[in-house]
>>> print(open('input30.cif').read())   # mmCIF, C-alpha atoms and all ligand atoms
data_data
#
loop_
_atom_site.label_atom_id
_atom_site.label_comp_id
_atom_site.auth_asym_id
_atom_site.auth_seq_id
_atom_site.Cartn_x
_atom_site.Cartn_y
_atom_site.Cartn_z
CA MET A 1 -19.86 0.59 12.66
CA ARG A 2 -20.20 -2.19 10.11
CA LEU A 3 -17.18 -1.67 7.82
CA LEU A 4 -16.86 -2.95 4.26
CA VAL A 5 -13.10 -3.23 3.65
CA THR A 6 -12.14 -3.69 -0.01
CA GLY A 7 -8.78 -5.37 -0.64
CA GLY A 8 -8.81 -6.67 2.94
CA ALA A 9 -6.92 -9.85 1.94
CA GLY A 10 -3.96 -7.78 0.67
CA PHE A 11 -0.94 -6.48 2.56
CA ILE A 12 -2.22 -3.24 4.10
CA GLY A 13 -5.93 -4.15 4.00
CA SER A 14 -5.38 -7.27 6.14
CA ASN A 15 -3.22 -5.23 8.54
CA PHE A 16 -6.07 -2.71 8.83
CA VAL A 17 -8.62 -5.48 9.49
CA ARG A 18 -6.49 -6.86 12.34
CA HIS A 19 -6.09 -3.35 13.75
CA VAL A 20 -9.85 -2.63 13.62
CA LEU A 21 -10.65 -5.89 15.41
CA ASP A 22 -8.03 -5.14 18.09
CA ALA A 23 -8.64 -1.44 18.62
CA SER A 24 -12.40 -0.92 18.12
CA GLU A 25 -15.83 -2.50 18.36
CA HIS A 26 -16.48 -2.29 14.61
CA THR A 27 -17.30 -5.37 12.56
CA VAL A 28 -15.72 -6.04 9.18
CA THR A 29 -16.75 -7.55 5.88
CA VAL A 30 -13.81 -7.95 3.51
CA LEU A 31 -14.58 -7.68 -0.22
CA ASP A 32 -11.61 -9.08 -2.12
CA ALA A 33 -11.21 -10.73 -5.52
CA LEU A 34 -8.23 -12.78 -4.27
CA THR A 35 -6.09 -11.83 -7.26
CA TYR A 36 -2.46 -13.06 -7.31
CA ALA A 37 -1.87 -10.39 -4.58
CA GLY A 38 -4.71 -11.40 -2.26
CA ASN A 39 -4.27 -14.20 0.25
CA ARG A 40 -7.00 -15.80 2.36
CA ALA A 41 -4.29 -16.93 4.79
CA SER A 42 -3.60 -13.29 5.70
CA LEU A 43 -6.97 -13.32 7.52
CA ASP A 44 -6.49 -16.68 9.27
CA GLY A 45 -7.47 -16.85 12.92
CA LEU A 46 -9.70 -13.75 12.99
CA PRO A 47 -12.98 -14.03 14.96
CA ALA A 48 -15.74 -15.19 12.58
CA GLU A 49 -18.44 -13.32 14.55
CA ARG A 50 -16.77 -9.97 13.75
CA CYS A 51 -15.05 -10.60 10.42
CA SER A 52 -16.14 -12.29 7.18
CA LEU A 53 -14.78 -12.53 3.64
CA VAL A 54 -16.79 -12.06 0.44
CA VAL A 55 -14.78 -13.14 -2.61
CA GLY A 56 -15.78 -10.75 -5.37
CA ASN A 57 -14.73 -7.93 -7.66
CA ILE A 58 -15.11 -4.23 -6.77
CA ALA A 59 -16.20 -3.61 -10.38
CA ASP A 60 -19.19 -5.98 -9.94
CA ALA A 61 -21.89 -3.27 -9.58
CA PRO A 62 -24.82 -5.42 -8.28
CA LEU A 63 -22.60 -7.08 -5.65
CA VAL A 64 -21.04 -3.77 -4.60
CA ASP A 65 -24.46 -2.11 -4.37
CA ARG A 66 -25.87 -4.86 -2.15
CA LEU A 67 -22.85 -4.91 0.17
CA THR A 68 -22.59 -1.12 0.41
CA GLY A 69 -26.26 -0.91 1.40
CA ASP A 70 -25.59 -3.33 4.29
CA HIS A 71 -22.66 -1.34 5.80
CA ASP A 72 -22.08 1.99 7.56
CA ALA A 73 -18.75 2.77 5.89
CA VAL A 74 -16.56 1.58 3.03
CA VAL A 75 -12.78 1.60 3.48
CA HIS A 76 -11.30 1.17 0.02
CA PHE A 77 -7.86 -0.50 -0.17
CA ALA A 78 -8.41 -2.76 -3.22
CA ALA A 79 -6.10 -1.92 -6.10
CA GLU A 80 -3.63 -3.29 -8.55
CA SER A 81 -0.66 -2.02 -6.55
CA HIS A 82 2.64 -2.87 -8.23
CA ASN A 83 4.40 -0.35 -10.48
CA ASP A 84 6.47 -2.96 -12.36
CA ASN A 85 3.35 -4.92 -13.33
CA SER A 86 1.66 -1.72 -14.51
CA LEU A 87 4.54 -1.07 -16.92
CA HIS A 88 4.11 -4.49 -18.54
CA ASP A 89 0.31 -4.91 -18.48
CA PRO A 90 -1.55 -1.66 -17.63
CA ARG A 91 -5.12 -2.82 -18.38
CA PRO A 92 -5.94 -4.42 -14.98
CA PHE A 93 -4.88 -1.13 -13.34
CA LEU A 94 -7.55 0.77 -15.28
CA ASP A 95 -10.19 -1.88 -14.59
CA THR A 96 -9.62 -2.08 -10.83
CA ASN A 97 -8.23 1.32 -9.84
CA ILE A 98 -10.48 3.45 -12.06
CA ILE A 99 -13.63 1.43 -12.86
CA GLY A 100 -13.56 -0.38 -9.51
CA THR A 101 -13.34 2.90 -7.58
CA TYR A 102 -16.08 4.41 -9.77
CA THR A 103 -18.34 1.42 -9.02
CA LEU A 104 -17.79 1.81 -5.27
CA ILE A 105 -18.39 5.57 -5.09
CA GLU A 106 -21.56 5.26 -7.16
CA ALA A 107 -22.88 2.72 -4.64
CA ALA A 108 -21.76 4.86 -1.68
CA ARG A 109 -23.51 7.89 -3.16
CA ARG A 110 -26.76 5.96 -3.74
CA HIS A 111 -26.79 4.68 -0.16
CA GLY A 112 -25.32 7.80 1.53
CA THR A 113 -22.52 5.61 2.92
CA ARG A 114 -19.34 7.05 4.50
CA PHE A 115 -16.36 6.36 2.22
CA HIS A 116 -12.62 6.39 2.87
CA HIS A 117 -10.30 6.16 -0.13
CA ILE A 118 -6.76 4.82 0.33
CA SER A 119 -4.17 6.29 -1.98
CA THR A 120 -0.46 6.84 -2.39
CA ASP A 121 2.14 9.62 -2.37
CA GLU A 122 3.08 8.53 -5.90
CA VAL A 123 0.24 10.68 -7.28
CA TYR A 124 2.53 13.70 -6.67
CA GLY A 125 5.31 12.41 -8.93
CA ASP A 126 8.85 12.62 -7.56
CA LEU A 127 11.33 15.04 -5.95
CA GLU A 128 14.99 15.77 -6.60
CA LEU A 129 17.32 14.25 -3.98
CA ASP A 130 18.30 17.71 -2.69
CA ASP A 131 14.83 19.30 -2.81
CA PRO A 132 14.19 20.79 0.66
CA HIS A 133 10.42 20.47 0.13
CA ARG A 134 8.28 17.42 0.85
CA PHE A 135 4.82 16.53 -0.52
CA THR A 136 1.88 18.26 1.19
CA GLU A 137 -1.88 18.18 0.55
CA GLN A 138 -1.32 21.20 -1.76
CA THR A 139 1.29 19.58 -4.05
CA PRO A 140 0.01 19.37 -7.66
CA TYR A 141 -0.64 15.89 -9.07
CA ASN A 142 2.07 14.68 -11.47
CA PRO A 143 2.04 10.85 -11.61
CA SER A 144 4.67 8.92 -13.60
CA SER A 145 3.56 5.29 -14.06
CA PRO A 146 0.37 3.56 -15.21
CA TYR A 147 -0.11 2.53 -11.55
CA SER A 148 0.27 6.01 -10.09
CA SER A 149 -1.75 7.67 -12.85
CA THR A 150 -4.69 5.32 -12.20
CA LYS A 151 -4.42 6.02 -8.47
CA ALA A 152 -4.38 9.77 -9.25
CA GLY A 153 -7.45 9.28 -11.46
CA SER A 154 -9.27 7.44 -8.68
CA ASP A 155 -8.45 10.22 -6.18
CA LEU A 156 -9.87 12.81 -8.58
CA LEU A 157 -13.05 10.78 -9.07
CA VAL A 158 -13.57 10.71 -5.30
CA ARG A 159 -12.99 14.48 -5.07
CA ALA A 160 -15.49 15.12 -7.88
CA TRP A 161 -18.09 12.87 -6.23
CA VAL A 162 -17.65 14.83 -2.98
CA ARG A 163 -18.12 18.17 -4.68
CA SER A 164 -20.84 17.30 -7.21
CA PHE A 165 -22.81 14.60 -5.39
CA GLY A 166 -22.08 15.23 -1.71
CA LEU A 167 -20.26 11.90 -1.26
CA LYS A 168 -19.24 11.65 2.42
CA ALA A 169 -15.63 10.84 1.64
CA THR A 170 -12.10 11.36 2.95
CA ILE A 171 -8.85 10.49 1.15
CA SER A 172 -5.43 9.51 2.49
CA ASN A 173 -2.16 9.39 0.55
CA CYS A 174 0.51 7.33 2.28
CA SER A 175 4.19 6.69 1.63
CA ASN A 176 5.87 3.26 1.14
CA ASN A 177 4.69 0.65 3.65
CA TYR A 178 6.70 -2.24 5.06
CA GLY A 179 5.93 -5.04 7.52
CA PRO A 180 4.56 -8.61 7.64
CA TYR A 181 2.25 -10.04 4.93
CA GLN A 182 3.66 -7.90 2.10
CA HIS A 183 3.73 -9.69 -1.26
CA VAL A 184 7.19 -11.00 -2.27
CA GLU A 185 7.11 -8.97 -5.50
CA LYS A 186 7.69 -5.77 -3.47
CA PHE A 187 11.20 -4.44 -2.76
CA ILE A 188 11.77 -5.33 0.90
CA PRO A 189 10.13 -8.81 0.98
CA ARG A 190 11.74 -9.66 -2.37
CA GLN A 191 15.21 -9.00 -0.99
CA ILE A 192 14.58 -10.72 2.38
CA THR A 193 13.23 -13.87 0.72
CA ASN A 194 16.03 -13.81 -1.86
CA VAL A 195 18.60 -13.83 0.94
CA LEU A 196 16.71 -16.65 2.70
CA ASP A 197 16.89 -18.56 -0.62
CA GLY A 198 20.62 -17.88 -0.99
CA VAL A 199 20.00 -15.47 -3.91
CA ARG A 200 21.65 -12.04 -4.08
CA PRO A 201 19.30 -9.01 -3.69
CA LYS A 202 18.48 -7.09 -6.88
CA LEU A 203 18.84 -3.32 -6.93
CA TYR A 204 17.33 -1.32 -9.80
CA GLY A 205 19.90 0.95 -11.46
CA ALA A 206 22.32 2.69 -9.12
CA GLY A 207 19.93 2.33 -6.16
CA ARG A 208 20.02 6.02 -5.24
CA ASN A 209 16.20 6.30 -5.33
CA VAL A 210 14.68 7.32 -2.01
CA ARG A 211 11.47 5.99 -0.48
CA ASP A 212 9.81 7.30 2.72
CA TRP A 213 9.17 4.13 4.74
CA ILE A 214 6.31 3.70 7.23
CA HIS A 215 5.31 0.54 9.11
CA ALA A 216 1.91 -0.77 7.95
CA ASN A 217 0.66 -0.72 11.58
CA ASP A 218 1.16 3.06 11.66
CA HIS A 219 -0.69 3.40 8.33
CA SER A 220 -3.63 1.37 9.71
CA ARG A 221 -3.82 3.50 12.86
CA ALA A 222 -3.88 6.62 10.70
CA VAL A 223 -6.67 5.28 8.47
CA LEU A 224 -8.90 4.37 11.44
CA THR A 225 -8.25 7.81 12.95
CA ILE A 226 -9.27 9.53 9.69
CA LEU A 227 -12.33 7.30 9.32
CA GLU A 228 -13.51 8.18 12.83
CA GLN A 229 -12.37 11.81 13.12
CA GLY A 230 -11.50 13.12 9.65
CA VAL A 231 -13.38 16.02 8.06
CA ILE A 232 -15.52 15.06 5.06
CA GLY A 233 -14.00 16.21 1.78
CA GLU A 234 -10.48 16.46 3.23
CA THR A 235 -7.27 14.76 2.12
CA TYR A 236 -4.64 13.67 4.69
CA LEU A 237 -1.04 12.72 3.91
CA ILE A 238 0.37 9.85 5.98
CA GLY A 239 4.12 9.50 6.52
CA ALA A 240 6.60 8.73 9.29
CA ASP A 241 9.75 10.69 8.28
CA GLY A 242 11.38 7.46 7.09
CA GLU A 243 13.43 8.49 4.05
CA GLU A 244 16.09 5.94 3.03
CA ASP A 245 17.74 5.24 -0.30
CA ASN A 246 17.34 1.76 -1.77
CA ARG A 247 21.03 0.95 -1.45
CA THR A 248 20.96 1.64 2.27
CA VAL A 249 17.86 -0.55 2.67
CA VAL A 250 19.50 -3.50 0.84
CA GLU A 251 22.74 -3.07 2.79
CA THR A 252 20.80 -2.97 6.08
CA ILE A 253 18.86 -6.14 5.17
CA LEU A 254 22.09 -7.95 4.27
CA THR A 255 23.80 -6.82 7.49
CA LEU A 256 20.83 -7.78 9.68
CA MET A 257 20.80 -11.20 7.98
CA GLY A 258 24.50 -11.80 8.62
CA ARG A 259 25.71 -11.33 5.02
CA PRO A 260 28.34 -8.93 3.61
CA ALA A 261 26.71 -5.53 3.00
CA ASP A 262 27.83 -5.50 -0.66
CA ALA A 263 26.49 -8.96 -1.60
CA TYR A 264 23.86 -7.64 -4.03
CA ASP A 265 23.51 -7.18 -7.82
CA HIS A 266 22.51 -4.15 -9.86
CA VAL A 267 19.84 -5.01 -12.46
CA GLN A 268 18.05 -3.09 -15.20
CA ASP A 269 16.35 0.05 -13.88
CA ARG A 270 12.56 0.52 -13.85
CA ALA A 271 11.24 2.62 -16.76
CA GLY A 272 10.28 6.10 -15.58
CA HIS A 273 11.59 5.23 -12.08
CA ASP A 274 10.54 7.93 -9.58
CA LEU A 275 13.63 9.33 -7.84
CA ARG A 276 12.39 10.35 -4.42
CA TYR A 277 9.19 10.48 -2.35
CA ALA A 278 8.91 12.42 0.92
CA ILE A 279 5.77 13.18 2.93
CA ASP A 280 4.99 16.09 5.23
CA SER A 281 2.25 14.71 7.51
CA THR A 282 1.86 17.86 9.62
CA LYS A 283 -1.87 18.15 8.89
CA LEU A 284 -2.69 14.65 10.16
CA ARG A 285 -0.50 15.16 13.23
CA THR A 286 -1.80 18.59 14.20
CA GLU A 287 -5.48 18.25 13.26
CA LEU A 288 -6.11 14.61 14.27
CA GLY A 289 -3.28 14.00 16.76
CA TRP A 290 -1.82 10.93 14.99
CA ARG A 291 1.84 10.02 15.58
CA PRO A 292 3.81 7.07 14.17
CA ARG A 293 4.91 4.49 16.75
CA TYR A 294 7.58 2.73 14.64
CA ALA A 295 10.20 5.48 14.75
CA ASP A 296 13.19 3.16 14.28
CA PHE A 297 13.24 1.76 10.72
CA ARG A 298 16.16 -0.59 11.43
CA SER A 299 14.38 -2.40 14.28
CA GLY A 300 11.11 -2.49 12.28
CA LEU A 301 13.08 -4.07 9.44
CA ALA A 302 14.70 -6.60 11.81
CA ALA A 303 11.24 -7.66 13.06
CA THR A 304 10.01 -7.92 9.45
CA ILE A 305 12.98 -10.16 8.57
CA ASP A 306 12.13 -12.40 11.54
CA TRP A 307 8.51 -12.60 10.36
CA TYR A 308 9.52 -13.77 6.85
CA ARG A 309 11.98 -16.27 8.38
CA GLU A 310 9.16 -17.71 10.50
CA HIS A 311 6.37 -17.62 7.87
CA GLU A 312 7.82 -19.36 4.85
CA ASP A 313 4.51 -21.26 4.53
CA TRP A 314 2.82 -17.88 3.83
CA TRP A 315 5.22 -16.53 1.17
CA ARG A 316 6.71 -19.63 -0.46
CA PRO A 317 3.71 -20.34 -2.77
CA GLN A 318 4.09 -16.88 -4.42
CA LYS A 319 7.87 -16.72 -4.74
CA ALA A 320 8.56 -18.72 -7.93
CA ALA A 321 5.87 -16.90 -9.94
CA ALA A 322 7.08 -13.46 -8.76
CA GLU A 323 10.68 -14.25 -9.73
CA ALA A 324 9.53 -15.68 -13.09
CA ARG A 325 7.84 -12.32 -13.81
CA TYR A 326 11.09 -10.50 -12.92
CA ARG A 327 13.10 -12.83 -15.20
CA GLU A 328 10.73 -12.03 -18.12
CA GLN A 329 11.22 -8.31 -17.36
CA GLY A 330 15.04 -8.57 -17.20
CA GLN A 331 15.10 -7.67 -13.49
CA ALA A 332 16.23 -10.99 -12.00
P1 LIG B 1 -1.85 -5.48 -2.34
O1 LIG B 1 -1.54 -5.67 -3.78
O2 LIG B 1 -1.06 -6.23 -1.31
O3 LIG B 1 -3.38 -5.83 -2.07
C1 LIG B 1 -4.41 -5.47 -2.95
C2 LIG B 1 -5.64 -6.31 -2.61
O4 LIG B 1 -6.71 -5.90 -3.46
C3 LIG B 1 -5.43 -7.81 -2.86
O5 LIG B 1 -5.94 -8.55 -1.76
C4 LIG B 1 -6.24 -8.08 -4.12
O6 LIG B 1 -6.76 -9.41 -4.18
C5 LIG B 1 -7.34 -7.04 -4.01
N1 LIG B 1 -7.91 -6.68 -5.31
C6 LIG B 1 -7.23 -6.32 -6.43
N2 LIG B 1 -8.09 -6.07 -7.44
C7 LIG B 1 -9.34 -6.26 -6.94
C8 LIG B 1 -10.65 -6.15 -7.48
N3 LIG B 1 -10.84 -5.78 -8.77
N4 LIG B 1 -11.71 -6.40 -6.69
C9 LIG B 1 -11.52 -6.77 -5.39
N5 LIG B 1 -10.32 -6.91 -4.82
C10 LIG B 1 -9.23 -6.66 -5.59
O7 LIG B 1 -1.76 -3.91 -2.09
P2 LIG B 1 -1.33 -3.08 -0.80
O8 LIG B 1 0.12 -2.83 -0.87
O9 LIG B 1 -1.92 -3.71 0.41
O10 LIG B 1 -2.06 -1.69 -1.11
C11 LIG B 1 -3.38 -1.45 -0.63
C12 LIG B 1 -3.78 -0.03 -0.99
O11 LIG B 1 -2.88 0.89 -0.40
C13 LIG B 1 -3.77 0.27 -2.49
O12 LIG B 1 -4.87 1.09 -2.78
C14 LIG B 1 -2.46 1.01 -2.71
O13 LIG B 1 -2.56 1.88 -3.82
C15 LIG B 1 -2.35 1.77 -1.40
N6 LIG B 1 -1.00 2.13 -0.97
C16 LIG B 1 -0.02 1.16 -0.86
C17 LIG B 1 1.24 1.51 -0.40
C18 LIG B 1 2.34 0.47 -0.24
O14 LIG B 1 3.46 0.82 0.10
N7 LIG B 1 2.07 -0.83 -0.45
C19 LIG B 1 1.51 2.84 -0.06
C20 LIG B 1 0.50 3.80 -0.20
C21 LIG B 1 -0.75 3.42 -0.64
O1 LIG B 2 13.73 -5.79 -6.85
C1 LIG B 2 13.56 -4.58 -6.68
N1 LIG B 2 14.66 -3.75 -6.66
C2 LIG B 2 14.57 -2.41 -6.49
O2 LIG B 2 15.60 -1.71 -6.48
C3 LIG B 2 12.24 -3.98 -6.52
C4 LIG B 2 11.02 -4.85 -6.53
C5 LIG B 2 12.18 -2.62 -6.32
N2 LIG B 2 13.28 -1.85 -6.32
C6 LIG B 2 13.17 -0.39 -6.05
C7 LIG B 2 12.12 0.35 -6.83
C8 LIG B 2 11.70 1.44 -5.86
O3 LIG B 2 12.60 2.53 -5.94
O4 LIG B 2 12.75 -0.28 -4.68
C9 LIG B 2 11.85 0.80 -4.49
C10 LIG B 2 10.53 0.27 -3.92
O5 LIG B 2 9.92 -0.52 -4.93
P1 LIG B 2 8.46 -1.17 -4.74
O6 LIG B 2 8.45 -2.05 -3.54
O7 LIG B 2 8.06 -1.76 -6.05
O8 LIG B 2 7.59 0.11 -4.34
P2 LIG B 2 7.23 1.47 -5.10
O9 LIG B 2 7.35 1.34 -6.57
O10 LIG B 2 8.00 2.57 -4.42
O11 LIG B 2 5.66 1.57 -4.73
C11 LIG B 2 5.18 1.19 -3.42
O12 LIG B 2 4.94 2.32 -2.63
C12 LIG B 2 3.88 3.17 -3.01
C13 LIG B 2 3.92 0.36 -3.53
O13 LIG B 2 4.16 -0.79 -4.33
C14 LIG B 2 2.78 1.17 -4.09
O14 LIG B 2 1.58 0.40 -4.08
C15 LIG B 2 2.60 2.39 -3.23
O15 LIG B 2 1.64 3.23 -3.81
#
>>> encode(input="input30.cif", output="structure tokens", more="lines below")
Ligand code: NAD
Ligand code: TDX
Amino acid sequence: MRLLVTGGAGFIGSNFVRHVLDASEHTVTVLDALTYAGNRASLDGLPAERCSLVVGNIADAPLVDRLTGDHDAVVHFAAESHNDNSLHDPRPFLDTNIIGTYTLIEAARRHGTRFHHISTDEVYGDLELDDPHRFTEQTPYNPSSPYSSTKAGSDLLVRAWVRSFGLKATISNCSNNYGPYQHVEKFIPRQITNVLDGVRPKLYGAGRNVRDWIHANDHSRAVLTILEQGVIGETYLIGADGEEDNRTVVETILTLMGRPADAYDHVQDRAGHDLRYAIDSTKLRTELGWRPRYADFRSGLAATIDWYREHEDWWRPQKAAAEARYREQGQA
């Protein structure tokens, strides 16, 4: 297949592109606006005969129409992805996550192109710490932030286009990803690069919030599986049983980096901060046979720390601007 991968210069999109080139015969065109979160260097070294980059916006209807017509499938990762930014400037989240997705599904419907929509477990809201249930494909939508509400809106647009227009689409909702090439604004890379800079990690509030961590490589394998074998119109939840609270994650990072486990600061909490996410990925495992390969979070984290240690040239250019945004927000 000729794949059009939106957001392919971002964290998970670039991971997916590398996975596709390694694990299949497909070719890839990346469509990416190279916002502050996109990075051309994340695609360095990939074979030019199988992978190219078009710098452009997913809300640019003529461009999207032309590219969609030239491809067999669209895999849609592009988004404004950071909750904290959405609380301070929501508008780009509406433009990209809602209007951008609308522009893409209109083009896919016109051309009859297979479409896979990447989404998040945050559309389901949050769980109490002691809730025995996890999110499933049947959990009602209940998003909390401008980011998660625009992702929920984009999911619902895709569902409506499937039902009303016969769009050949699947949707996946994944839990928190970690691994190489993640922007330094996000929790894990922020703390690793802070420690490398001799700065104490910053924990929001008491740090009891729980996230369900999955390595980005496992997410990419799941997306390719769904693209190739998923049933049109279906939603699949992706998760690797990786629940950890934020305090434990910070303490593990500090320990793995040879610092005292309590050498971090508590800073102002995030407004509306979701307490806990937890995914039940039984459907994906039983119907499509996917299994995560990164079962041990601690060793995945150790490898991620090594990657940031060895790739300062990749993250350094973004670090000062990300920390300046946190200072403005009172979270530095
Ligand atoms: P990211 O912020 O690292 O990358 C987003 C990419 O999209 C960037 O390369 C950016 O330049 C591009 N982009 C943004 N607006 C665009 C536009 N208007 N037109 C074209 N390109 C544009 O994000 P990520 O963490 O890699 O997330 C990718 C997708 O996965 C998103 O849809 C996100 O909602 C979803 N997701 C992320 C996680 C996670 O833990 N990071 C978990 C579940 C789902
Ligand atoms: O400095 C920090 N200190 C801190 O305690 C930062 C940046 C975050 N946090 C907390 C907030 C969250 O509880 O860590 C947790 C993870 O924060 P983020 O990395 O911002 O991720 P989250 O808000 O959980 O959302 C992520 O997972 C779901 C992605 O950014 C989303 O794109 C995805 O949909």
>>> closest_residue(input="input30.cif", among="A:Ser14, A:Gln318, A:Ser299, A:Gln191", to="Asn217 in chain A", atoms="all atoms listed in the file")
A:Ser14
>>> atom_distance(input="input30.cif", atom1="CA of Ile238 in chain A", atom2="CA of Phe115 in chain A")
17.5 Å
>>> atom_distance(input="input30.cif", atom1="CA of Arg114 in chain A", atom2="atom O8 of ligand LIG 2 (chain B)")
29.2 Å
>>> residues_around(input="input30.cif", residues="range 219-225 of chain A", least_positions_apart="5", cutoff="10 Å", atoms="all atoms listed in the file", output="number ranges by chain")
A: 12-20, 23-24, 75, 116-118, 170-178, 214, 230, 236-240, 284-285, 288-293
>>> residues_around(input="input30.cif", residues="range 88-102 of chain A", least_positions_apart="3", cutoff="6 Å", atoms="all atoms listed in the file", output="number ranges by chain")
A: 58-59, 79-80, 85, 105, 150, 154
>>> atom_distance(input="input30.cif", atom1="CA of Ser42 in chain A", atom2="CA of Ile305 in chain A")
17.1 Å
>>> closest_atom_pairs(input="input30.cif", of="range 221-320 of chain A", to="range 128-145 of chain A", cutoff="6 Å", atoms="all atoms listed in the file", output="tab-separated table")
residue	atom	partner	partner_atom	distance
A:Ala278	CA	A:Arg134	CA	5.0
A:Ile279	CA	A:Phe135	CA	4.9
A:Asp280	CA	A:Thr136	CA	5.5
>>> closest_residue(input="input30.cif", among="A:Arg2, A:Arg309, A:Arg50, A:His82", to="ligand LIG 1 (chain B)", atoms="all atoms listed in the file")
A:His82
>>> closest_atom_pairs(input="input30.cif", of="chain A", to="ligand LIG 2 (chain B)", cutoff="9 Å", atoms="all atoms listed in the file", output="Markdown table")
| residue | atom | partner | partner_atom | distance |
| --- | --- | --- | --- | --- |
| A:Ala79 | CA | B:LIG2 | O14 | 8.3 |
| A:Glu80 | CA | B:LIG2 | O14 | 7.8 |
| A:Ser81 | CA | B:LIG2 | O14 | 4.1 |
| A:His82 | CA | B:LIG2 | O13 | 4.7 |
| A:Asn83 | CA | B:LIG2 | O9 | 5.2 |
| A:Asp84 | CA | B:LIG2 | O7 | 6.6 |
| A:Ser119 | CA | B:LIG2 | O15 | 6.8 |
| A:Thr120 | CA | B:LIG2 | O15 | 4.4 |
| A:Asp121 | CA | B:LIG2 | O15 | 6.6 |
| A:Glu122 | CA | B:LIG2 | O15 | 5.9 |
| A:Val123 | CA | B:LIG2 | O15 | 8.3 |
| A:Tyr147 | CA | B:LIG2 | O14 | 7.9 |
| A:Ser148 | CA | B:LIG2 | O15 | 7.0 |
| A:Lys151 | CA | B:LIG2 | O15 | 8.1 |
| A:Asn173 | CA | B:LIG2 | O15 | 8.4 |
| A:Cys174 | CA | B:LIG2 | O15 | 7.4 |
| A:Ser175 | CA | B:LIG2 | C12 | 5.8 |
| A:Asn176 | CA | B:LIG2 | O12 | 4.0 |
| A:Asn177 | CA | B:LIG2 | O12 | 6.5 |
| A:Tyr178 | CA | B:LIG2 | O6 | 8.8 |
| A:Val184 | CA | B:LIG2 | C4 | 8.4 |
| A:Glu185 | CA | B:LIG2 | C4 | 5.8 |
| A:Lys186 | CA | B:LIG2 | O6 | 3.8 |
| A:Phe187 | CA | B:LIG2 | O6 | 3.7 |
| A:Ile188 | CA | B:LIG2 | O6 | 6.4 |
| A:Pro189 | CA | B:LIG2 | O6 | 8.3 |
| A:Arg190 | CA | B:LIG2 | O1 | 6.2 |
| A:Gln191 | CA | B:LIG2 | O1 | 6.8 |
| A:Pro201 | CA | B:LIG2 | O1 | 7.2 |
| A:Lys202 | CA | B:LIG2 | O1 | 4.9 |
| A:Leu203 | CA | B:LIG2 | O2 | 3.6 |
| A:Tyr204 | CA | B:LIG2 | O2 | 3.8 |
| A:Gly205 | CA | B:LIG2 | O2 | 7.1 |
| A:Ala206 | CA | B:LIG2 | O2 | 8.5 |
| A:Gly207 | CA | B:LIG2 | O2 | 5.9 |
| A:Arg208 | CA | B:LIG2 | O3 | 8.2 |
| A:Asn209 | CA | B:LIG2 | O3 | 5.2 |
| A:Val210 | CA | B:LIG2 | O3 | 6.5 |
| A:Arg211 | CA | B:LIG2 | O10 | 6.3 |
| A:Asp212 | CA | B:LIG2 | O10 | 8.8 |
| A:Trp213 | CA | B:LIG2 | O12 | 8.7 |
| A:Asp245 | CA | B:LIG2 | O3 | 8.1 |
| A:Asn246 | CA | B:LIG2 | O4 | 5.8 |
| A:Arg247 | CA | B:LIG2 | O2 | 7.9 |
| A:Val249 | CA | B:LIG2 | O4 | 9.0 |
| A:Val250 | CA | B:LIG2 | O2 | 8.5 |
| A:His266 | CA | B:LIG2 | O2 | 8.1 |
| A:Val267 | CA | B:LIG2 | N1 | 7.9 |
| A:Asp269 | CA | B:LIG2 | O2 | 7.6 |
| A:Arg270 | CA | B:LIG2 | C7 | 7.0 |
| A:His273 | CA | B:LIG2 | O3 | 6.8 |
| A:Asp274 | CA | B:LIG2 | O3 | 6.8 |
| A:Leu275 | CA | B:LIG2 | O3 | 7.1 |
| A:Arg276 | CA | B:LIG2 | O3 | 8.0 |
| A:Tyr277 | CA | B:LIG2 | O10 | 8.3 |
| A:Tyr326 | CA | B:LIG2 | O1 | 8.1 |
| A:Gln331 | CA | B:LIG2 | O1 | 7.0 |
| A:Ala332 | CA | B:LIG2 | O1 | 7.7 |
>>> decode(input="input30.cif", residues="range 22-41 of chain A", atoms="C-alpha atoms", output="PDB file, in the first residue's frame")
ATOM      1  CA  ASP A  22      10.961  -2.185   8.796  1.00  0.00           C
ATOM      2  CA  ALA A  23       8.007  -4.549   8.984  1.00  0.00           C
ATOM      3  CA  SER A  24       6.184  -4.209   5.636  1.00  0.00           C
ATOM      4  CA  GLU A  25       6.542  -3.420   1.945  1.00  0.00           C
ATOM      5  CA  HIS A  26       4.342  -0.316   2.138  1.00  0.00           C
ATOM      6  CA  THR A  27       5.609   3.091   1.031  1.00  0.00           C
ATOM      7  CA  VAL A  28       4.993   6.240   3.062  1.00  0.00           C
ATOM      8  CA  THR A  29       4.296   9.881   2.383  1.00  0.00           C
ATOM      9  CA  VAL A  30       4.370  11.962   5.559  1.00  0.00           C
ATOM     10  CA  LEU A  31       2.101  15.027   5.637  1.00  0.00           C
ATOM     11  CA  ASP A  32       3.231  17.232   8.517  1.00  0.00           C
ATOM     12  CA  ALA A  33       3.033  20.971   9.183  1.00  0.00           C
ATOM     13  CA  LEU A  34       6.236  20.839  11.281  1.00  0.00           C
ATOM     14  CA  THR A  35       4.660  22.778  14.144  1.00  0.00           C
ATOM     15  CA  TYR A  36       6.757  23.287  17.310  1.00  0.00           C
ATOM     16  CA  ALA A  37       6.084  19.541  17.956  1.00  0.00           C
ATOM     17  CA  GLY A  38       7.169  18.235  14.551  1.00  0.00           C
ATOM     18  CA  ASN A  39      10.818  17.549  13.797  1.00  0.00           C
ATOM     19  CA  ARG A  40      12.318  16.730  10.409  1.00  0.00           C
ATOM     20  CA  ALA A  41      15.254  15.130  12.222  1.00  0.00           C
TER      21      ALA A  41
END
